[in-house]
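K.L.:
Got a file for you: coords.json, JSON, C-alpha atoms.
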[["chain", "number", "residue", "atom", "x", "y", "z"],
["A", 1, "ALA", "CA", -130.51, -34.52, 160.08],
["A", 2, "LEU", "CA", -133.32, -33.69, 157.66],
["A", 3, "VAL", "CA", -130.94, -32.73, 154.87],
["A", 4, "SER", "CA", -128.94, -35.95, 155.28],
["A", 5, "GLU", "CA", -132.16, -38.01, 155.22],
["A", 6, "VAL", "CA", -133.28, -36.29, 152.01],
["A", 7, "ARG", "CA", -129.87, -36.86, 150.42],
["A", 8, "ALA", "CA", -129.96, -40.54, 151.40],
["A", 9, "GLY", "CA", -133.38, -40.92, 149.79],
["A", 10, "MET", "CA", -132.34, -39.13, 146.61],
["A", 11, "ARG", "CA", -129.18, -41.28, 146.39],
["A", 12, "ALA", "CA", -131.26, -44.45, 146.79],
["A", 13, "VAL", "CA", -133.60, -43.30, 144.01],
["A", 14, "ALA", "CA", -130.73, -42.27, 141.72],
["A", 15, "ALA", "CA", -128.83, -45.53, 142.30],
["A", 16, "ASP", "CA", -131.63, -47.85, 141.16],
["A", 17, "PRO", "CA", -132.71, -47.60, 137.49],
["A", 18, "VAL", "CA", -136.27, -48.73, 138.25],
["A", 19, "LEU", "CA", -136.71, -46.26, 141.11],
["A", 20, "ARG", "CA", -135.11, -43.54, 139.01],
["A", 21, "GLY", "CA", -137.52, -44.25, 136.15],
["A", 22, "LEU", "CA", -140.50, -44.30, 138.52],
["A", 23, "ALA", "CA", -139.39, -40.98, 139.99],
["A", 24, "VAL", "CA", -139.10, -39.41, 136.53],
["A", 25, "VAL", "CA", -142.54, -40.69, 135.52],
["A", 26, "ALA", "CA", -144.08, -39.54, 138.82],
["A", 27, "THR", "CA", -142.53, -36.10, 138.37],
["A", 28, "VAL", "CA", -143.78, -35.76, 134.78],
["A", 29, "VAL", "CA", -147.25, -37.00, 135.79],
["A", 30, "ALA", "CA", -147.38, -34.52, 138.69],
["A", 31, "PHE", "CA", -146.38, -31.66, 136.39],
["A", 32, "ALA", "CA", -148.86, -32.64, 133.68],
["A", 33, "THR", "CA", -151.72, -33.23, 136.11],
["A", 34, "SER", "CA", -151.15, -29.89, 137.80],
["A", 35, "PHE", "CA", -150.78, -28.15, 134.46],
["A", 36, "ALA", "CA", -154.11, -29.54, 133.25],
["A", 37, "ALA", "CA", -155.97, -29.13, 136.54],
["A", 38, "THR", "CA", -155.13, -25.45, 136.72],
["A", 39, "THR", "CA", -157.18, -24.70, 133.64],
["A", 40, "TYR", "CA", -159.68, -27.59, 133.76],
["A", 41, "MET", "CA", -162.29, -25.83, 135.92],
["A", 42, "ILE", "CA", -162.02, -22.64, 133.91],
["A", 43, "TYR", "CA", -162.52, -24.61, 130.71],
["A", 44, "VAL", "CA", -165.53, -26.71, 131.76],
["A", 45, "SER", "CA", -167.32, -23.95, 133.67],
["A", 46, "ARG", "CA", -166.54, -20.82, 131.64],
["A", 47, "ASP", "CA", -165.66, -21.99, 128.13],
["A", 48, "VAL", "CA", -167.91, -25.04, 127.80],
["A", 49, "ALA", "CA", -170.44, -23.44, 130.20],
["A", 50, "PHE", "CA", -171.57, -26.48, 132.19],
["A", 51, "PRO", "CA", -173.92, -25.56, 135.03],
["A", 52, "THR", "CA", -172.48, -26.10, 138.49],
["A", 53, "GLY", "CA", -174.93, -28.89, 139.33],
["A", 54, "THR", "CA", -174.09, -30.80, 136.17],
["A", 55, "LEU", "CA", -170.39, -30.49, 136.91],
["A", 56, "GLY", "CA", -170.96, -31.83, 140.42],
["A", 57, "LEU", "CA", -172.71, -34.90, 139.03],
["A", 58, "LEU", "CA", -170.00, -35.41, 136.43],
["A", 59, "PHE", "CA", -167.25, -35.11, 139.06],
["A", 60, "ALA", "CA", -169.02, -37.74, 141.15],
["A", 61, "LEU", "CA", -168.49, -40.10, 138.23],
["A", 62, "GLY", "CA", -164.75, -39.59, 138.76],
["A", 63, "GLY", "CA", -165.13, -41.18, 142.19],
["A", 64, "ILE", "CA", -166.83, -44.15, 140.57],
["A", 65, "GLY", "CA", -164.02, -44.34, 138.02],
["A", 66, "SER", "CA", -161.39, -44.25, 140.78],
["A", 67, "LEU", "CA", -163.22, -46.94, 142.70],
["A", 68, "PHE", "CA", -163.39, -49.09, 139.57],
["A", 69, "GLY", "CA", -159.67, -48.55, 138.86],
["A", 70, "SER", "CA", -158.70, -49.61, 142.37],
["A", 71, "TRP", "CA", -161.07, -52.61, 142.27],
["A", 72, "LEU", "CA", -159.73, -53.72, 138.89],
["A", 73, "THR", "CA", -156.14, -53.32, 140.05],
["A", 74, "ALA", "CA", -156.79, -55.41, 143.16],
["A", 75, "ARG", "CA", -158.48, -58.13, 141.08],
["A", 76, "THR", "CA", -155.68, -58.36, 138.52],
["A", 77, "ALA", "CA", -152.58, -57.54, 140.59],
["A", 78, "ASN", "CA", -151.46, -61.16, 140.87],
["A", 79, "ARG", "CA", -151.86, -61.87, 137.15],
["A", 80, "ILE", "CA", -150.30, -58.84, 135.46],
["A", 81, "ASP", "CA", -146.75, -57.58, 135.82],
["A", 82, "PRO", "CA", -146.96, -54.25, 137.71],
["A", 83, "ARG", "CA", -144.67, -52.65, 135.13],
["A", 84, "LEU", "CA", -147.14, -53.49, 132.37],
["A", 85, "TRP", "CA", -150.01, -52.38, 134.59],
["A", 86, "LEU", "CA", -148.23, -49.06, 135.14],
["A", 87, "VAL", "CA", -147.87, -48.43, 131.40],
["A", 88, "GLY", "CA", -151.40, -49.60, 130.65],
["A", 89, "SER", "CA", -152.93, -47.48, 133.38],
["A", 90, "LEU", "CA", -151.07, -44.39, 132.16],
["A", 91, "ALA", "CA", -152.37, -45.08, 128.65],
["A", 92, "LEU", "CA", -155.92, -45.46, 130.01],
["A", 93, "TRP", "CA", -155.55, -42.21, 131.98],
["A", 94, "ALA", "CA", -154.32, -40.40, 128.85],
["A", 95, "LEU", "CA", -157.10, -41.88, 126.75],
["A", 96, "GLY", "CA", -159.70, -40.61, 129.21],
["A", 97, "SER", "CA", -158.05, -37.21, 129.36],
["A", 98, "VAL", "CA", -158.26, -36.76, 125.59],
["A", 99, "ALA", "CA", -162.05, -36.54, 125.95],
["A", 100, "THR", "CA", -161.94, -33.22, 127.83],
["A", 101, "PRO", "CA", -160.79, -30.89, 125.03],
["A", 102, "MET", "CA", -163.23, -32.60, 122.68],
["A", 103, "ALA", "CA", -166.12, -31.40, 124.86],
["A", 104, "THR", "CA", -166.89, -28.01, 123.32],
["A", 105, "THR", "CA", -170.53, -27.60, 124.35],
["A", 106, "ALA", "CA", -172.55, -28.34, 127.48],
["A", 107, "GLY", "CA", -174.96, -30.54, 125.50],
["A", 108, "LEU", "CA", -175.29, -34.30, 125.51],
["A", 109, "VAL", "CA", -172.03, -34.88, 123.61],
["A", 110, "GLY", "CA", -170.15, -32.69, 126.06],
["A", 111, "ILE", "CA", -171.70, -34.51, 129.01],
["A", 112, "VAL", "CA", -170.71, -37.89, 127.54],
["A", 113, "LEU", "CA", -167.16, -36.71, 126.88],
["A", 114, "ILE", "CA", -166.62, -35.27, 130.37],
["A", 115, "ALA", "CA", -168.23, -38.38, 131.89],
["A", 116, "THR", "CA", -165.80, -40.48, 129.84],
["A", 117, "GLN", "CA", -162.90, -38.42, 131.11],
["A", 118, "GLN", "CA", -164.08, -38.78, 134.68],
["A", 119, "ILE", "CA", -164.73, -42.53, 134.55],
["A", 120, "VAL", "CA", -161.99, -43.76, 132.19],
["A", 121, "GLY", "CA", -159.36, -41.18, 133.09],
["A", 122, "ASP", "CA", -159.84, -41.48, 136.84],
["A", 123, "ALA", "CA", -159.86, -45.29, 136.65],
["A", 124, "GLY", "CA", -156.53, -45.16, 134.83],
["A", 125, "GLY", "CA", -155.17, -42.55, 137.23],
["A", 126, "MET", "CA", -156.03, -44.60, 140.29],
["A", 127, "ALA", "CA", -154.62, -47.77, 138.74],
["A", 128, "TYR", "CA", -151.41, -45.87, 137.94],
["A", 129, "LEU", "CA", -151.07, -44.62, 141.51],
["A", 130, "ILE", "CA", -151.46, -48.14, 142.88],
["A", 131, "ALA", "CA", -149.02, -49.66, 140.38],
["A", 132, "ASP", "CA", -146.51, -46.87, 141.03],
["A", 133, "ARG", "CA", -146.57, -47.38, 144.81],
["A", 134, "THR", "CA", -146.41, -51.15, 144.43],
["A", 135, "LEU", "CA", -143.33, -50.96, 142.23],
["A", 136, "ARG", "CA", -141.68, -48.33, 144.39],
["A", 137, "GLN", "CA", -142.20, -50.42, 147.52],
["A", 138, "SER", "CA", -140.99, -53.56, 145.74],
["A", 139, "TYR", "CA", -137.73, -52.04, 144.50],
["A", 140, "ALA", "CA", -136.75, -49.84, 147.43],
["A", 141, "ALA", "CA", -134.58, -51.44, 150.09],
["A", 142, "PRO", "CA", -136.63, -51.70, 153.31],
["A", 143, "GLU", "CA", -134.27, -49.39, 155.20],
["A", 144, "PHE", "CA", -134.72, -46.72, 152.51],
["A", 145, "LEU", "CA", -138.43, -47.14, 151.82],
["A", 146, "ALA", "CA", -139.59, -44.04, 153.71],
["A", 147, "ARG", "CA", -136.74, -41.94, 152.34],
["A", 148, "VAL", "CA", -137.43, -43.07, 148.78],
["A", 149, "GLU", "CA", -141.14, -42.32, 149.17],
["A", 150, "ALA", "CA", -140.36, -38.88, 150.63],
["A", 151, "SER", "CA", -137.89, -38.13, 147.84],
["A", 152, "VAL", "CA", -140.33, -39.04, 145.07],
["A", 153, "ARG", "CA", -143.10, -37.07, 146.77],
["A", 154, "THR", "CA", -140.82, -34.05, 147.08],
["A", 155, "LEU", "CA", -140.06, -34.23, 143.35],
["A", 156, "GLY", "CA", -143.78, -34.60, 142.64],
["A", 157, "TYR", "CA", -144.82, -31.70, 144.86],
["A", 158, "THR", "CA", -142.18, -29.50, 143.24],
["A", 159, "ALA", "CA", -143.41, -30.49, 139.78],
["A", 160, "THR", "CA", -147.00, -29.83, 140.87],
["A", 161, "LEU", "CA", -146.09, -26.30, 141.91],
["A", 162, "VAL", "CA", -144.15, -25.63, 138.72],
["A", 163, "GLY", "CA", -146.96, -27.08, 136.57],
["A", 164, "ALA", "CA", -149.56, -24.87, 138.22],
["A", 165, "LEU", "CA", -147.41, -21.77, 137.86],
["A", 166, "VAL", "CA", -146.54, -22.42, 134.21],
["A", 167, "SER", "CA", -150.14, -23.27, 133.34],
["A", 168, "GLY", "CA", -151.46, -20.22, 135.16],
["A", 169, "VAL", "CA", -149.05, -17.90, 133.38],
["A", 170, "LEU", "CA", -149.85, -19.43, 129.99],
["A", 171, "ALA", "CA", -153.60, -19.28, 130.67],
["A", 172, "GLU", "CA", -153.36, -15.61, 131.59],
["A", 173, "ARG", "CA", -151.28, -14.84, 128.55],
["A", 174, "TYR", "CA", -153.22, -16.84, 125.95]]
Take the structure from the file and write it as structure tokens.
P.N.:
Amino acid sequence: ALVSEVRAGMRAVAADPVLRGLAVVATVVAFATSFAATTYMIYVSRDVAFPTGTLGLLFALGGIGSLFGSWLTARTANRIDPRLWLVGSLALWALGSVATPMATTAGLVGIVLIATQQIVGDAGGMAYLIADRTLRQSYAAPEFLARVEASVRTLGYTATLVGALVSGVLAERY
């Protein structure tokens, strides 16, 4: 029964161009996020040499960024097409993420750059997650909603595993 349910979900995703596109984007995002996250802690703690306490405070800013992203999404959801919101939030997430490799020292500039990544990047990431789920739930037929969600999550979890493995191997090698 499980295999037939998974197949039904994958067929529903493959049959709808919007759901198929959302699944591809979710899979690429999962891979990229996992790829980056695997080396992020090594980079900020070992290479940039932030003290643990400073990192904890900076990571707390990510929670504030996520809260802001969800608040902003809720406030603008009725006025902006979710497809545009999805693209814009991914761009905001990417913009925030660019700040991380620019932080090369644990000084004030590095703190500002990692804070930017945490606030801007996490706001964009949260807004993307909300827009993605909204679109997925809007386009999936009600009888396939759970199967579609499970299918996209399965693709995402697989991409997360592959991203972590590839990133880990590359980090070890280079």
K.L.:
I want to know what sits within 12 Å of Ser45 (chain A), based on all atoms listed in the file, with residues of the same chain fewer than 2 positions away left out; could you give that as a VMD selection string?
P.N.:
chain A and resid 39 to 43 47 to 56 103 to 106 110 114
K.L.:
Could you write those residues out with C-alpha atoms, as an mmCIF file, keeping the file's coordinate frame?
P.N.:
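Final file, again.cif:
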data_model
loop_
_atom_site.group_PDB
_atom_site.id
_atom_site.type_symbol
_atom_site.label_atom_id
_atom_site.label_comp_id
_atom_site.auth_asym_id
_atom_site.auth_seq_id
_atom_site.Cartn_x
_atom_site.Cartn_y
_atom_site.Cartn_z
ATOM 1 C CA THR A 39 -157.180 -24.700 133.640
ATOM 2 C CA TYR A 40 -159.680 -27.590 133.760
ATOM 3 C CA MET A 41 -162.290 -25.830 135.920
ATOM 4 C CA ILE A 42 -162.020 -22.640 133.910
ATOM 5 C CA TYR A 43 -162.520 -24.610 130.710
ATOM 6 C CA ASP A 47 -165.660 -21.990 128.130
ATOM 7 C CA VAL A 48 -167.910 -25.040 127.800
ATOM 8 C CA ALA A 49 -170.440 -23.440 130.200
ATOM 9 C CA PHE A 50 -171.570 -26.480 132.190
ATOM 10 C CA PRO A 51 -173.920 -25.560 135.030
ATOM 11 C CA THR A 52 -172.480 -26.100 138.490
ATOM 12 C CA GLY A 53 -174.930 -28.890 139.330
ATOM 13 C CA THR A 54 -174.090 -30.800 136.170
ATOM 14 C CA LEU A 55 -170.390 -30.490 136.910
ATOM 15 C CA GLY A 56 -170.960 -31.830 140.420
ATOM 16 C CA ALA A 103 -166.120 -31.400 124.860
ATOM 17 C CA THR A 104 -166.890 -28.010 123.320
ATOM 18 C CA THR A 105 -170.530 -27.600 124.350
ATOM 19 C CA ALA A 106 -172.550 -28.340 127.480
ATOM 20 C CA GLY A 110 -170.150 -32.690 126.060
ATOM 21 C CA ILE A 114 -166.620 -35.270 130.370
#
K.L.:
Please list as JSON, numbers by chain every residue within 6 Å of Gly69 (chain A), counting only C-alpha atoms and excluding residues in the same chain fewer than 2 positions away.
P.N.:
{"A": [66, 67, 71, 72, 123, 126, 127]}
K.L.:
Could you build a table of the residues in region 92-172 of chain A lying no more than 12 Å from region 16-26 of chain A, giving for each the nearest pair of atoms and their separation in Å rounded to one decimal place, using all atoms listed in the file, ordered by chain and ascending residue number, as JSON lines?
P.N.:
{"residue": "A:Gly125", "atom": "CA", "partner": "A:Ala26", "partner_atom": "CA", "distance": 11.6}
{"residue": "A:Tyr128", "atom": "CA", "partner": "A:Ala26", "partner_atom": "CA", "distance": 9.7}
{"residue": "A:Leu129", "atom": "CA", "partner": "A:Ala26", "partner_atom": "CA", "distance": 9.1}
{"residue": "A:Ala131", "atom": "CA", "partner": "A:Leu22", "partner_atom": "CA", "distance": 10.2}
{"residue": "A:Asp132", "atom": "CA", "partner": "A:Leu22", "partner_atom": "CA", "distance": 7.0}
{"residue": "A:Arg133", "atom": "CA", "partner": "A:Leu22", "partner_atom": "CA", "distance": 9.3}
{"residue": "A:Thr134", "atom": "CA", "partner": "A:Leu22", "partner_atom": "CA", "distance": 10.8}
{"residue": "A:Leu135", "atom": "CA", "partner": "A:Leu22", "partner_atom": "CA", "distance": 8.1}
{"residue": "A:Arg136", "atom": "CA", "partner": "A:Leu19", "partner_atom": "CA", "distance": 6.3}
{"residue": "A:Gln137", "atom": "CA", "partner": "A:Leu19", "partner_atom": "CA", "distance": 9.4}
{"residue": "A:Ser138", "atom": "CA", "partner": "A:Leu19", "partner_atom": "CA", "distance": 9.6}
{"residue": "A:Tyr139", "atom": "CA", "partner": "A:Leu19", "partner_atom": "CA", "distance": 6.8}
{"residue": "A:Ala140", "atom": "CA", "partner": "A:Leu19", "partner_atom": "CA", "distance": 7.3}
{"residue": "A:Ala141", "atom": "CA", "partner": "A:Asp16", "partner_atom": "CA", "distance": 10.1}
{"residue": "A:Phe144", "atom": "CA", "partner": "A:Leu19", "partner_atom": "CA", "distance": 11.6}
{"residue": "A:Leu145", "atom": "CA", "partner": "A:Leu19", "partner_atom": "CA", "distance": 10.9}
{"residue": "A:Val148", "atom": "CA", "partner": "A:Leu19", "partner_atom": "CA", "distance": 8.3}
{"residue": "A:Glu149", "atom": "CA", "partner": "A:Ala23", "partner_atom": "CA", "distance": 9.4}
{"residue": "A:Ala150", "atom": "CA", "partner": "A:Ala23", "partner_atom": "CA", "distance": 10.9}
{"residue": "A:Ser151", "atom": "CA", "partner": "A:Ala23", "partner_atom": "CA", "distance": 8.5}
{"residue": "A:Val152", "atom": "CA", "partner": "A:Ala23", "partner_atom": "CA", "distance": 5.5}
{"residue": "A:Arg153", "atom": "CA", "partner": "A:Ala26", "partner_atom": "CA", "distance": 8.4}
{"residue": "A:Thr154", "atom": "CA", "partner": "A:Ala23", "partner_atom": "CA", "distance": 10.0}
{"residue": "A:Leu155", "atom": "CA", "partner": "A:Ala23", "partner_atom": "CA", "distance": 7.6}
{"residue": "A:Gly156", "atom": "CA", "partner": "A:Ala26", "partner_atom": "CA", "distance": 6.3}
{"residue": "A:Tyr157", "atom": "CA", "partner": "A:Ala26", "partner_atom": "CA", "distance": 9.9}
{"residue": "A:Thr158", "atom": "CA", "partner": "A:Ala26", "partner_atom": "CA", "distance": 11.1}
{"residue": "A:Ala159", "atom": "CA", "partner": "A:Ala26", "partner_atom": "CA", "distance": 9.1}
{"residue": "A:Thr160", "atom": "CA", "partner": "A:Ala26", "partner_atom": "CA", "distance": 10.3}
K.L.:
Might you pull out every residue within 8 Å of region 163-174 of chain A, with all atoms listed in the file counted and same-chain residues fewer than 4 positions away left off, and present them as a list in words?
P.N.:
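Once the adjacent positions are removed, what remains is Ala30, Phe31, Ala32, Thr33, Ser34, Phe35, Ala36, Ala37, Thr38, Thr39 and Ala159 of chain A.
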K.L.:
Between A:Gly124, A:Gly63, A:Gly107, A:Pro142, which one has atoms that come closest to Leu90 (chain A), using only C-alpha atoms?
P.N.:
A:Gly124
K.L.:
Of the candidates A:Leu58, A:Ala1, A:Val13, A:Val109, which one gets nearest to Asp122 (chain A) if we count only C-alpha atoms?
P.N.:
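Looking only at the distances to Asp122 (chain A), the closest residue turns out to be A:Leu58.
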K.L.:
If I take CA of Leu61 (chain A) and CA of Ser97 (chain A), how far is one from the other in Å, to one decimal?
P.N.:
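Computed distance, CA of Leu61 (chain A) to CA of Ser97 (chain A), equals 14.0 Å.
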K.L.:
What is the distance, in Å and to one decimal place, between CA of Asn78 (chain A) and CA of Ile130 (chain A)?
P.N.:
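Computed distance, CA of Asn78 (chain A) to CA of Ile130 (chain A), equals 13.2 Å.
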K.L.:
Quick one, how far is CA of Gln118 (chain A) from CA of Thr100 (chain A)?
P.N.:
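Going from CA of Gln118 (chain A) over to CA of Thr100 (chain A) covers 9.1 Å.
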K.L.:
Go through A:Phe59, A:Asp81, A:Leu86, A:Ala91 one by one, measure the shortest atom-to-atom distance of each to Thr116 (chain A) using all atoms listed in the file, and give the residue with the smallest value.
P.N.:
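Ranked by minimum distance to Thr116 (chain A), first place goes to A:Phe59.
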K.L.:
Can you work out which one of A:Phe68, A:Pro82, A:Ala74, A:Leu108 has the shortest atom-to-atom distance to Val120 (chain A), counting all atoms listed in the file?
P.N.:
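For Val120 (chain A), the nearest of the candidates is A:Phe68.
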